[in-house]
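Shown here: entry-v7.txt, compact mmCIF, C-alpha atoms and all ligand atoms.
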# COMPACT_ATOMS: atom_id res chain seq x y z
CA MET H 5 2.63 -16.29 10.43
CA SER H 6 4.87 -13.37 9.42
CA ASN H 7 4.07 -9.84 10.56
CA PRO H 8 1.66 -8.28 7.99
CA VAL H 9 2.46 -4.68 8.98
CA TYR H 10 4.34 -2.54 6.44
CA LEU H 11 5.48 0.76 7.93
CA ALA H 12 4.89 3.73 5.60
CA LEU H 13 8.14 5.71 5.74
CA ASP H 14 6.62 9.02 4.67
CA LEU H 15 9.50 11.17 5.86
CA PRO H 16 11.36 13.69 3.71
CA GLN H 17 14.83 13.08 5.22
CA LEU H 18 16.70 9.90 4.36
CA ASP H 19 18.51 9.75 7.70
CA ALA H 20 15.27 10.15 9.65
CA ALA H 21 13.57 7.46 7.54
CA ARG H 22 16.47 5.05 8.08
CA ASP H 23 16.55 5.75 11.83
CA LEU H 24 12.82 5.07 12.15
CA ALA H 25 13.09 1.87 10.12
CA MET H 26 15.94 0.61 12.31
CA LYS H 27 14.06 1.49 15.50
CA VAL H 28 10.93 -0.53 14.68
CA ARG H 29 12.30 -3.16 12.29
CA ALA H 30 11.74 -6.06 14.69
CA HIS H 31 8.02 -5.24 15.00
CA VAL H 32 7.02 -4.79 11.35
CA GLY H 33 7.12 -7.16 8.39
CA GLY H 34 8.22 -4.68 5.72
CA LEU H 35 8.71 -1.06 4.73
CA LYS H 36 6.64 1.03 2.35
CA LEU H 37 8.39 3.77 0.39
CA GLY H 38 6.08 6.13 -1.48
CA LEU H 39 6.21 8.89 -4.03
CA GLU H 40 7.49 11.45 -1.51
CA PHE H 41 10.50 9.29 -0.65
CA PHE H 42 11.19 8.11 -4.20
CA CYS H 43 11.09 11.62 -5.70
CA ALA H 44 13.49 12.88 -3.03
CA HIS H 45 15.94 9.96 -2.83
CA GLY H 46 15.39 7.74 -5.88
CA HIS H 47 17.09 4.35 -6.33
CA HIS H 48 19.92 5.30 -4.02
CA GLY H 49 17.51 5.97 -1.14
CA VAL H 50 15.58 2.74 -1.66
CA LEU H 51 18.78 0.67 -1.65
CA ASP H 52 20.04 2.49 1.44
CA ILE H 53 16.89 1.63 3.42
CA ALA H 54 16.68 -1.94 2.06
CA HIS H 55 20.31 -2.76 2.94
CA ALA H 56 20.10 -1.18 6.39
CA ALA H 57 16.79 -2.68 7.53
CA LYS H 58 16.92 -5.97 5.60
CA LEU H 59 13.14 -6.05 5.26
CA PRO H 60 10.96 -6.46 2.14
CA ILE H 61 10.37 -3.17 0.32
CA PHE H 62 6.98 -2.05 -0.97
CA LEU H 63 7.37 0.66 -3.63
CA ASP H 64 4.08 2.55 -3.52
CA LEU H 65 4.55 4.56 -6.71
CA LYS H 66 0.89 4.33 -7.84
CA LEU H 67 1.88 4.29 -11.50
CA HIS H 68 -0.82 5.67 -13.81
CA ASP H 69 -0.03 6.49 -17.45
CA ILE H 70 -0.29 4.93 -20.92
CA PRO H 71 0.69 1.22 -20.99
CA ASN H 72 4.08 1.77 -22.67
CA THR H 73 5.16 4.39 -20.13
CA VAL H 74 4.07 2.34 -17.12
CA ALA H 75 5.80 -0.78 -18.45
CA SER H 76 9.03 1.20 -18.97
CA ALA H 77 8.84 2.64 -15.46
CA MET H 78 8.31 -0.85 -14.09
CA GLN H 79 11.39 -2.11 -15.95
CA ALA H 80 13.41 0.78 -14.56
CA ILE H 81 12.68 -0.26 -10.95
CA ASN H 82 13.24 -4.00 -11.42
CA THR H 83 16.85 -3.71 -10.23
CA LEU H 84 15.51 -2.62 -6.82
CA GLU H 85 13.71 -5.99 -6.48
CA PRO H 86 10.66 -4.57 -4.70
CA ALA H 87 8.34 -7.10 -3.05
CA ILE H 88 5.26 -5.04 -3.99
CA VAL H 89 4.59 -2.23 -6.50
CA THR H 90 1.35 -0.28 -6.99
CA VAL H 91 -0.36 0.95 -10.16
CA HIS H 92 -3.77 2.66 -10.43
CA ALA H 93 -6.60 0.34 -11.54
CA SER H 94 -8.23 3.31 -13.29
CA GLY H 95 -5.30 3.22 -15.75
CA GLY H 96 -7.21 0.37 -17.40
CA ARG H 97 -6.74 -3.28 -18.23
CA ALA H 98 -4.03 -2.91 -20.90
CA MET H 99 -1.93 -0.73 -18.60
CA MET H 100 -2.20 -3.26 -15.78
CA GLU H 101 -1.40 -6.20 -18.09
CA ASP H 102 1.71 -4.47 -19.40
CA ALA H 103 2.78 -3.46 -15.88
CA LYS H 104 2.56 -7.06 -14.70
CA ALA H 105 4.42 -8.35 -17.77
CA ALA H 106 7.26 -5.88 -17.16
CA ALA H 107 7.60 -6.55 -13.41
CA GLY H 108 10.24 -8.84 -11.92
CA GLU H 109 9.07 -12.37 -11.17
CA ASN H 110 9.28 -11.86 -7.39
CA THR H 111 7.37 -8.57 -7.44
CA ARG H 112 3.67 -8.49 -6.64
CA VAL H 113 1.86 -5.87 -8.71
CA VAL H 114 -1.29 -4.57 -7.01
CA ALA H 115 -3.84 -2.02 -8.22
CA VAL H 116 -5.06 0.92 -6.17
CA THR H 117 -8.86 0.88 -6.49
CA MET H 118 -10.18 3.89 -4.53
CA LEU H 119 -7.90 5.90 -2.27
CA THR H 120 -8.74 5.52 1.42
CA SER H 121 -8.81 9.32 1.73
CA LEU H 122 -11.98 9.42 -0.43
CA ASP H 123 -15.63 8.76 0.40
CA GLU H 124 -18.83 8.46 -1.60
CA ARG H 125 -19.19 12.24 -1.97
CA ASP H 126 -15.67 12.55 -3.38
CA LEU H 127 -16.44 9.74 -5.80
CA ALA H 128 -19.58 11.53 -7.01
CA ARG H 129 -17.53 14.69 -7.58
CA THR H 130 -15.32 12.75 -9.98
CA GLY H 131 -18.45 11.74 -11.91
CA ILE H 132 -18.76 8.23 -10.51
CA GLU H 133 -22.12 7.48 -8.91
CA GLY H 134 -22.55 4.65 -6.42
CA SER H 135 -20.88 3.39 -3.28
CA PRO H 136 -17.16 2.95 -2.61
CA HIS H 137 -17.98 -0.73 -2.02
CA ASP H 138 -19.34 -1.20 -5.59
CA HIS H 139 -16.58 0.89 -7.15
CA VAL H 140 -13.85 -1.10 -5.38
CA LEU H 141 -15.42 -4.43 -6.34
CA ARG H 142 -15.68 -3.36 -9.99
CA LEU H 143 -12.03 -2.30 -10.14
CA ALA H 144 -10.97 -5.45 -8.26
CA ASP H 145 -12.59 -7.49 -11.06
CA LEU H 146 -10.69 -5.49 -13.67
CA ALA H 147 -7.37 -5.98 -11.82
CA HIS H 148 -8.08 -9.70 -11.54
CA ASP H 149 -8.87 -9.98 -15.26
CA ALA H 150 -5.65 -8.10 -16.05
CA GLY H 151 -3.65 -10.76 -14.19
CA LEU H 152 -2.51 -8.63 -11.27
CA ASP H 153 -1.66 -10.17 -7.92
CA GLY H 154 -4.20 -8.16 -5.96
CA ILE H 155 -5.47 -4.73 -5.07
CA VAL H 156 -5.23 -1.88 -2.58
CA CYS H 157 -8.52 -1.03 -0.87
CA SER H 158 -9.76 0.09 2.51
CA GLY H 159 -10.57 -2.25 5.37
CA GLN H 160 -14.24 -1.46 4.78
CA GLU H 161 -14.20 -3.38 1.49
CA VAL H 162 -11.50 -6.01 1.94
CA GLY H 163 -13.90 -8.65 3.34
CA ALA H 164 -16.16 -8.43 0.27
CA VAL H 165 -13.23 -8.44 -2.17
CA HIS H 166 -11.71 -11.45 -0.40
CA LYS H 167 -14.97 -13.39 -0.88
CA GLN H 168 -14.90 -12.92 -4.66
CA TRP H 169 -11.09 -13.24 -5.13
CA LYS H 170 -10.05 -16.02 -2.78
CA ASP H 171 -6.32 -16.15 -3.56
CA GLY H 172 -5.85 -12.40 -4.09
CA PHE H 173 -3.21 -10.34 -2.34
CA PHE H 174 -4.85 -7.46 -0.50
CA VAL H 175 -3.05 -4.36 0.69
CA VAL H 176 -4.98 -2.25 3.19
CA PRO H 177 -3.93 1.28 4.22
CA GLY H 178 -6.01 3.84 6.13
CA LEU H 179 -5.64 1.86 9.34
CA ARG H 180 -6.11 3.43 12.72
CA PRO H 181 -5.76 1.76 16.13
CA ALA H 182 -8.81 2.47 18.34
CA GLY H 183 -8.85 6.12 19.36
CA ALA H 184 -6.17 7.29 16.89
CA ALA H 185 -6.75 10.43 14.81
CA ALA H 186 -7.96 9.70 11.27
CA GLY H 187 -6.27 12.76 9.76
CA ASP H 188 -6.96 12.84 6.02
CA GLN H 189 -8.16 9.21 5.89
CA LYS H 190 -11.92 8.74 5.41
CA ARG H 191 -12.45 4.96 5.14
CA THR H 192 -10.64 3.69 8.23
CA VAL H 193 -10.79 0.50 10.29
CA THR H 194 -8.49 -0.94 12.96
CA PRO H 195 -5.51 -3.09 11.93
CA ARG H 196 -7.12 -6.12 13.62
CA SER H 197 -10.40 -5.70 11.76
CA ALA H 198 -8.60 -5.50 8.39
CA ARG H 199 -6.55 -8.57 9.18
CA ASP H 200 -9.62 -10.53 10.28
CA ASP H 201 -11.37 -9.59 7.02
CA GLY H 202 -8.56 -10.98 4.85
CA ALA H 203 -5.93 -8.24 4.40
CA SER H 204 -2.55 -9.64 3.35
CA VAL H 205 -0.63 -6.45 4.14
CA LEU H 206 -1.50 -3.77 6.70
CA VAL H 207 -0.01 -0.39 5.76
CA ILE H 208 0.53 1.85 8.78
CA GLY H 209 2.21 5.24 8.72
CA ARG H 210 1.47 8.10 11.09
CA PRO H 211 0.10 6.00 13.98
CA ILE H 212 3.70 4.74 14.26
CA SER H 213 5.88 7.41 12.63
CA ARG H 214 4.26 10.35 14.44
CA ALA H 215 3.83 8.59 17.78
CA GLU H 216 5.76 10.00 20.72
CA ASP H 217 7.37 6.57 21.04
CA PRO H 218 7.29 4.83 17.60
CA LEU H 219 8.74 1.60 18.98
CA ALA H 220 6.02 1.35 21.66
CA ALA H 221 3.35 2.18 19.04
CA ALA H 222 4.62 -0.55 16.67
CA ARG H 223 4.72 -3.06 19.52
CA ALA H 224 1.20 -2.14 20.68
CA ILE H 225 -0.19 -2.60 17.15
CA GLU H 226 1.64 -5.93 16.77
CA ALA H 227 0.10 -7.10 20.07
CA THR H 228 -3.44 -6.52 18.73
CA LEU H 229 -2.91 -8.81 15.71
O1 LIG T 1 -5.62 4.23 -0.77
C1 LIG T 1 -4.49 4.46 -0.28
C2 LIG T 1 -3.31 4.10 -0.90
C3 LIG T 1 -2.12 4.35 -0.29
N1 LIG T 1 -2.07 4.96 0.91
C4 LIG T 1 -0.73 5.20 1.52
O2 LIG T 1 -0.67 4.51 2.77
C5 LIG T 1 -0.02 5.30 3.74
C6 LIG T 1 -0.97 5.54 4.88
O3 LIG T 1 -0.36 6.38 5.83
P1 LIG T 1 -1.07 6.77 7.22
O4 LIG T 1 -0.11 7.76 7.81
O5 LIG T 1 -1.18 5.50 8.02
O6 LIG T 1 -2.40 7.37 6.90
C7 LIG T 1 0.46 6.57 3.04
O7 LIG T 1 1.80 6.36 2.66
C8 LIG T 1 -0.41 6.66 1.80
O8 LIG T 1 0.27 7.23 0.71
C9 LIG T 1 -3.22 5.35 1.53
O9 LIG T 1 -3.22 5.92 2.64
N2 LIG T 1 -4.41 5.06 0.92

Can I see the file as structure tokens?
Amino acid sequence: MSNPVYLALDLPQLDAARDLAMKVRAHVGGLKLGLEFFCAHGHHGVLDIAHAAKLPIFLDLKLHDIPNTVASAMQAINTLEPAIVTVHASGGRAMMEDAKAAAGENTRVVAVTMLTSLDERDLARTGIEGSPHDHVLRLADLAHDAGLDGIVCSGQEVGAVHKQWKDGFFVVPGLRPAGAAAGDQKRTVTPRSARDDGASVLVIGRPISRAEDPLAAARAIEATL
């Protein structure tokens, strides 16, 4: 089985991001480049990292706009041949359908359901009553009906989503090895727990990138899987 860990390269400097990717590349299955990286380095930065590390690239852009705008943005990144791209499920069914239709045939489009940095109280403050579990399952249904490949959710919900969407592709961030600081993440589980519950991709950032020895941290996480 291939390594399910995608390292989140949330670093502002291109050289530092490339160095980190090269250091741990043998112990992760792919690299996740987010909004911070894309706004700073654009297409050029993505191609730089992809050519150097020769690993699948996950573009975590969390697109969320009217359908026409999201579809155009998706077309504009097709030349980068990302393995995975994110959109927000709350953008609605038509937006997700158009995003999927505009994506390259080898790109998985997955919908962010509820950010792992949020809990039930945060949800209530946005006017949505109920549990994260119910909210995630509802948006997973919508993403499924829109023809997406899967969703992004926390490891606390992935088991339940997996039961109702057997062949879905599930991306799980907010992962923390036992004893690691949660930081701004509120719905955390260990990488092993998420994998056992059906995660397809394990997104891990700071537990590796901010470790004193990132290579040792990546190896230690790999050994738990
Ligand atoms: O719900 C979500 C969606 C995306 N993310 C992204 O994953 C990484 C997590 O980084 P850590 O340092 O391991 O916390 C980061 O790039 C987020 O933008 C998420 O955390 N939660």

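For the pair atom CA of Leu24 of chain H and atom CA of Val50 of chain H, the separation is 14.3 Å.
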
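Pairwise distance (atom CA of Gln160 of chain H, atom CA of Glu40 of chain H) equals 26.0 Å.
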
**Report entry** Interatomic distance (Å, one decimal) between atom CA of Arg129 of chain H and atom CA of Leu37 of chain H
**Finding:** 29.2 Å

Query raised in the report: Using only C-alpha atoms, which residues sit within 12 Å of Arg125 of chain H once same-chain residues fewer than 3 positions away are excluded, as a list in words?
Result: Ser121, Leu122, Ala128, Arg129, Thr130, Gly131, Ile132, Glu133, Gly134, Ser135, Pro136 and Lys190 of chain H

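If all atoms listed in the file are the atoms counted, then among H:Ala198, H:Glu216, H:Gln17, H:Leu84 the closest residue to Ala44 of chain H is H:Gln17.
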
Residues of chain H at most 9 Å from ligand LIG 1 (chain T): nearest atom pair and distance in Å, all atoms listed in the file, as a Markdown table:
| residue | atom | partner | partner_atom | distance |
| --- | --- | --- | --- | --- |
| H:Leu11 | CA | T:LIG1 | O5 | 8.2 |
| H:Ala12 | CA | T:LIG1 | O7 | 5.0 |
| H:Leu13 | CA | T:LIG1 | O7 | 7.1 |
| H:Asp14 | CA | T:LIG1 | O7 | 5.9 |
| H:Lys36 | CA | T:LIG1 | O7 | 7.2 |
| H:Leu37 | CA | T:LIG1 | O7 | 7.4 |
| H:Gly38 | CA | T:LIG1 | O7 | 6.0 |
| H:Leu39 | CA | T:LIG1 | O8 | 7.8 |
| H:Glu40 | CA | T:LIG1 | O8 | 8.7 |
| H:Asp64 | CA | T:LIG1 | C3 | 7.2 |
| H:Leu65 | CA | T:LIG1 | O8 | 9.0 |
| H:Lys66 | CA | T:LIG1 | C2 | 8.1 |
| H:Thr90 | CA | T:LIG1 | C2 | 8.8 |
| H:Val116 | CA | T:LIG1 | O1 | 6.4 |
| H:Thr117 | CA | T:LIG1 | O1 | 7.4 |
| H:Met118 | CA | T:LIG1 | O1 | 5.9 |
| H:Leu119 | CA | T:LIG1 | O1 | 3.2 |
| H:Thr120 | CA | T:LIG1 | O1 | 4.0 |
| H:Ser121 | CA | T:LIG1 | N2 | 6.2 |
| H:Leu122 | CA | T:LIG1 | O1 | 8.2 |
| H:Val156 | CA | T:LIG1 | O1 | 6.4 |
| H:Cys157 | CA | T:LIG1 | O1 | 6.0 |
| H:Ser158 | CA | T:LIG1 | O1 | 6.7 |
| H:Val175 | CA | T:LIG1 | C2 | 8.6 |
| H:Val176 | CA | T:LIG1 | C1 | 7.6 |
| H:Pro177 | CA | T:LIG1 | O2 | 4.8 |
| H:Gly178 | CA | T:LIG1 | O9 | 4.9 |
| H:Leu179 | CA | T:LIG1 | O5 | 5.9 |
| H:Arg180 | CA | T:LIG1 | O5 | 7.1 |
| H:Ala186 | CA | T:LIG1 | O6 | 7.4 |
| H:Gly187 | CA | T:LIG1 | O6 | 7.2 |
| H:Asp188 | CA | T:LIG1 | O6 | 7.2 |
| H:Gln189 | CA | T:LIG1 | O6 | 6.1 |
| H:Val207 | CA | T:LIG1 | O2 | 5.8 |
| H:Ile208 | CA | T:LIG1 | O5 | 4.1 |
| H:Gly209 | CA | T:LIG1 | O5 | 3.5 |
| H:Arg210 | CA | T:LIG1 | O4 | 3.7 |
| H:Pro211 | CA | T:LIG1 | O5 | 6.1 |
| H:Ile212 | CA | T:LIG1 | O5 | 8.0 |
| H:Ser213 | CA | T:LIG1 | O4 | 7.7 |
| H:Arg214 | CA | T:LIG1 | O4 | 8.4 |

Query raised in the report: Within 8 Å of (-6.2, 6.1, -16.9), all atoms listed in the file: residues as a PyMOL selection string?
Result: chain H and resi 68-70+92-96
